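Trainee: What follows is a structure written as structure tokens; I'll ask about it next.
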Amino acid sequence: MTRYDHRSAEPKWRAAWSEAGLFRSEIDRARPKYYVLEMFPYPSGRIHIGHVRNYVMGDVVARYKMARGFNVLHPMGWDAFGMPAENAAMERGIHPRDWTYDNIRVMKEQLEPMGLSLDWSREFATCDEDYQKAQQALFLDFLEAGLVYRKSGVVNWDPVDMTVLANEQVIDGKGWRSGAPVERRELAQWFFRISDWAEELLEAIDGLEDWPEKVRLMQRNWIGRSEGLQFHFETVGAPEGQGTLEVYSTRHDTIFGATFCAVAADHPLAKALEGEVPGLAEFTAECRRSGTSEEALQTAEKLGFDTGVRVRHPFEPEKDLPVYVANFILMDYGTGAIFGCPAHDQRDLDFARKYGLDVIPVVAPEEAGADFTVGEEAYVGPGRLVNSRFLDGMTIEEGKAEVAARIEAAEQGERKVNYRLRDWGVSRQRYWGCPIPVVHCDACGTVPERKENLPVALPLDVDFSKPGNPLDRHPTWRDTACPSCGGPARRETDTMDTFVDSSWYYARFTAPHAETPTNLAAADYWMTVDQYIGGIEHAILHLLYSRFFARAMARTGHLPSSAIEPFAALFTQGMVCHETYRDADGRWLSPEEVVRESERALRASDRSEVEIGPSIKMSKSKKNVVAPEDIVERYGADTARWFILSDSPPDRDVEWTASGAEAANRFLQRLWRLAIAEDLPAPGDPVPAAADDTATELRRAAHRAVRDVTADIEGFAFNKAIARIYELAGAIGKAEAAEAAGLPQARREALELAARLISPFVPHLAEELWSRLGHDTLLTGAPWPQPEAALLEEAMIVLPVQVNGKRRAEIRVPADADAKAVEAMALAEDNVKRFLGEGGPRKVIVVPGRIVNVVA
RNA sequence: GCCCGGAUGGCGGAACUGGUAGACGCAGCGGACUCAAAAUCCGCCGAUCGAAAGGUCUUGUGGGUUCGAGUCCCACUCCGGGCACCA
């Protein structure tokens, strides 16, 4: 029996698409545009199935929208800066640049056979000098607009690698590479002023209706808005210049429960006292040394040091509160100082118990009286204020309002909204990143590089044999002339966080070869991205940074104001998982080393028993990876595309199985066999008017499939769309065996519709079927089919009949039968009579077209 | 700790706004074709009682609303994810 040969068909059709230039997009104002984008890959070395799933989903959308008449933009590029390239350089002596571009070449070769409808003419890598130049120009414009600044900040410093570490790179207080205890060090860093946009970024989330609710919630939490009161206490016994202590609280209603104040180790008051109070300097040093990783913070004991300084309670002048330096107070949130109310904050309570401070309950639950006490658990629920003089009896909200009003009237403070979101530190002491285009001059200070001198390019002759930033110790690269005075100056050696690169690439795709970062006309036409697709792991940082960047670019004239939200719709796809295998010695085995039988698995080499582990995300360490090129070689790209979309909803994880891939291939072969049947009439031969019921039934099935597949694609339910296509193939297969007037024509119509419906999913096979059915045009880009309304309507329908809510019979009725007739038919059913027993029905509910329920 | 999801056959999953639970696929079982195998085709496939017709039970657990609940409400169990000294 002949078989569909993907090895010859797939390259043939890709060549045909390429020759026809179908995926090159140009501005065309006559057609509506559609911009579909998948999160671009980091060129780590090889494409894996997870990438394939991501891009195939985007491809289904792109091809579908193309068929619906949209002018589609579907580009691809490379997120090419980052640490792994430097690690490769250090470990294997390969230059990061060569390593990166080699990987890009290999991965592009892997991607090519997948048949993705990508416009490769727009391809770029973020490490291309063109892109760096554009990004540096953006940086300078942001700097001029006041969106970028430089300040000293506390960082995680690895003293061995001599570099700054991200919080995620600090494990148990030690550097993830060096294992050396991480220090908290103050370093001048460049920051983007994202926190200025906190309110705007938060409010605009409401408008992102086509984003997953989950992601919107995560962004809201990340921005972390809180409403509170910022006010000051008068200090007693504090050094010069520390006459007041500014604190921030969201529970200012509990002010009468305050029994202490606490400041951060880096707070000016703490610093001012370091030389005066014995032991304090040691304590603050200890605080600074302790790790900043989440785990370290979580497990760290709450420690405090009484400074001896006191503050005066604003409403009880006779009462003084002690001021502690505490290790759990953060300098960069609020004012770096708090008042502690142990009765109504667990952390404050723990602290108070440890240092023997008073616990004064000031909020009592409704059911409790004024003698309400707090044990080891702070009370944070609702209630009424007690022990609070003029606040007594008020609710928490009323208390807050009253305290705020009095503090404001006394000009001791004001209501203030605070955000968890911090400014974005973008300085990295790294080589393989985009250089920050500024110059340090002894005479002029920090001076922006002139735009005509861009790009500030990375030197290629760098030395990775020593730790630290190679740019810092390069013999000549740092030396330059001051753009302002012309005198000798030094280049900034920090490079930008790679998240900067990915924060605006979507905009660059609209005019990838422009001299300026963007071309406003092109951006105005293509932006915003209509559908963005990628992993949930980028739910916060990448997406938030991109939203900030689009706004900053709009402010500096690089994007139209209509594009401040870069991604109109977001879809987060699940991961690809696979079973794990271990041999008797506990060594991981890859799927190629294993023969899978129904209930067990054997090692291919010696048929020894293999333990089957859970299906988890594919990873090199567990060896449960499947190489896309192996699948493509064996079954073809279409099989890989079909299978990866067929089994699970796109937002959930999918398990890759060999049997599933085989089944996908079996189905594609089946479609092909159906389409090469010899008894099919010529193209254009219409279904005769006198067609038999069998033929009409097939036509109905085909047109229903068109309706359902269309809805499923629109709804991102590709697994359901595929199930509908399986059903259609089943109907065509059944019809092949039958003989009826008009059936060959109906089969032909159904096959043509099937070819059109599968084209977004398995584009090569769709073209092959289309061609085998006698067409000499390309199917790709051809208009999407419309179902015939008349064929979607059924003359007769089957209605279930329930007695007391249990199904007892089915009746076949005309679709437009009236309720009375339906009721009569239902009551005439034997089984209905049987369960009704003696006495007639008390009530009959007829839901037209749905169900009949008889109540006995 | 706080905030979100989710739980449906042996497995992945369907089920419109409350209306025949289990579409479609995998795995399994039986059969046809074949000397045989592969490929292909046909049938069965939640549990249970029954020869059958048909009955009973069944969507994590327990309650509730309703003519009718996988779907809505309340309480709980388990699983997954996010955040977490944020004052």
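Going through the structure tokens in order, the chains are called A, B, and so on, while each chain numbers its residues from 1 and the ligands are numbered from 1 in the order shown.
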Give me the residues of chain B that have any atom at most 12 Å from an atom of chain A; for each, the nearest atom pair and the distance in Å, rounded to one decimal. Use only C-alpha atoms (C1' of nucleotides), sort by chain and number, and format it as a Markdown table.

Mentor:
```
| residue | atom | partner | partner_atom | distance |
| --- | --- | --- | --- | --- |
| B:G1 | C1' | A:Gln346 | CA | 10.1 |
| B:C2 | C1' | A:Asn221 | CA | 11.1 |
| B:C3 | C1' | A:Asn221 | CA | 8.6 |
| B:C4 | C1' | A:Lys214 | CA | 6.9 |
| B:G5 | C1' | A:Lys214 | CA | 8.2 |
| B:G6 | C1' | A:Arg652 | CA | 11.3 |
| B:G10 | C1' | A:Glu599 | CA | 10.6 |
| B:C11 | C1' | A:Glu655 | CA | 10.6 |
| B:G12 | C1' | A:Asp647 | CA | 5.8 |
| B:G13 | C1' | A:Ser648 | CA | 6.5 |
| B:A14 | C1' | A:Lys720 | CA | 7.7 |
| B:A15 | C1' | A:Lys720 | CA | 11.6 |
| B:C16 | C1' | A:Arg850 | CA | 11.4 |
| B:G18 | C1' | A:Val847 | CA | 11.9 |
| B:G19 | C1' | A:Ile851 | CA | 5.8 |
| B:U20 | C1' | A:Pro800 | CA | 5.6 |
| B:A23 | C1' | A:Ala723 | CA | 7.9 |
| B:C24 | C1' | A:Ala723 | CA | 4.3 |
| B:G25 | C1' | A:Asp647 | CA | 6.9 |
| B:C26 | C1' | A:Gly660 | CA | 6.4 |
| B:A27 | C1' | A:Ser598 | CA | 7.2 |
| B:G28 | C1' | A:Ser598 | CA | 9.0 |
| B:A38 | C1' | A:Met1 | CA | 11.6 |
| B:A39 | C1' | A:Met1 | CA | 8.0 |
| B:U40 | C1' | A:Met1 | CA | 9.1 |
| B:C41 | C1' | A:Gly733 | CA | 10.5 |
| B:C42 | C1' | A:Lys734 | CA | 11.1 |
| B:A53 | C1' | A:Asn831 | CA | 10.7 |
| B:G54 | C1' | A:Asn831 | CA | 9.6 |
| B:G55 | C1' | A:Arg808 | CA | 10.9 |
| B:U56 | C1' | A:Lys806 | CA | 12.0 |
| B:U66 | C1' | A:Gly805 | CA | 10.7 |
| B:C67 | C1' | A:Val855 | CA | 6.1 |
| B:G68 | C1' | A:Gly805 | CA | 5.1 |
| B:A69 | C1' | A:Gly805 | CA | 10.8 |
| B:G80 | C1' | A:Arg652 | CA | 11.5 |
| B:G81 | C1' | A:Lys214 | CA | 9.7 |
| B:G82 | C1' | A:Met218 | CA | 6.8 |
| B:C83 | C1' | A:Asn221 | CA | 7.4 |
| B:A84 | C1' | A:Glu294 | CA | 8.2 |
| B:C85 | C1' | A:Phe328 | CA | 5.1 |
| B:C86 | C1' | A:Arg420 | CA | 5.9 |
| B:A87 | C1' | A:Ser249 | CA | 5.5 |
```

Trainee: If we count only C-alpha atoms (C1' of nucleotides) and set the cut-off at 10 Å, which residues sit around B:G46, ignoring sequence neighbours fewer than 3 positions away in its own chain? Please answer as a list in words.

Mentor: G9, G22 and U58 of chain B

Trainee: Could you list, as number ranges by chain, every residue within 8 Å of A:Ile396, counting only C-alpha atoms (C1' of nucleotides) and ignoring same-chain residues fewer than 5 positions away?

Mentor: A: 253, 363, 382-385

Trainee: As number ranges by chain, please: every residue in stretch 612-789 of chain A that DSSP puts in helix (DSSP H, G or I).

Mentor: A: 628-635, 637-646, 658-675, 693-714, 718-737, 743-758, 763-772, 789

Trainee: Could you pull out the strand (DSSP E or B) residues of stretch 458-645 of chain A, going by DSSP on the backbone, and write them as JSON, numbers by chain?

Mentor: {"A": [479, 480, 481, 488, 489, 490, 491, 495, 496, 529, 531, 532, 533, 534, 535, 567, 569, 570, 571, 572, 573, 576, 577, 578, 579, 580, 581, 582, 588, 589, 594, 595, 596, 601, 602, 603, 609, 610, 611, 612, 613, 614, 615, 616, 617]}

Trainee: For stretch 603-610 of chain A, please output as JSON, numbers by chain all residues within 8 Å (counting only C-alpha atoms (C1' of nucleotides); exclusion window: fewer than 5 positions along the same chain).

Mentor: {"A": [581, 582, 583, 584, 593, 594, 595]}
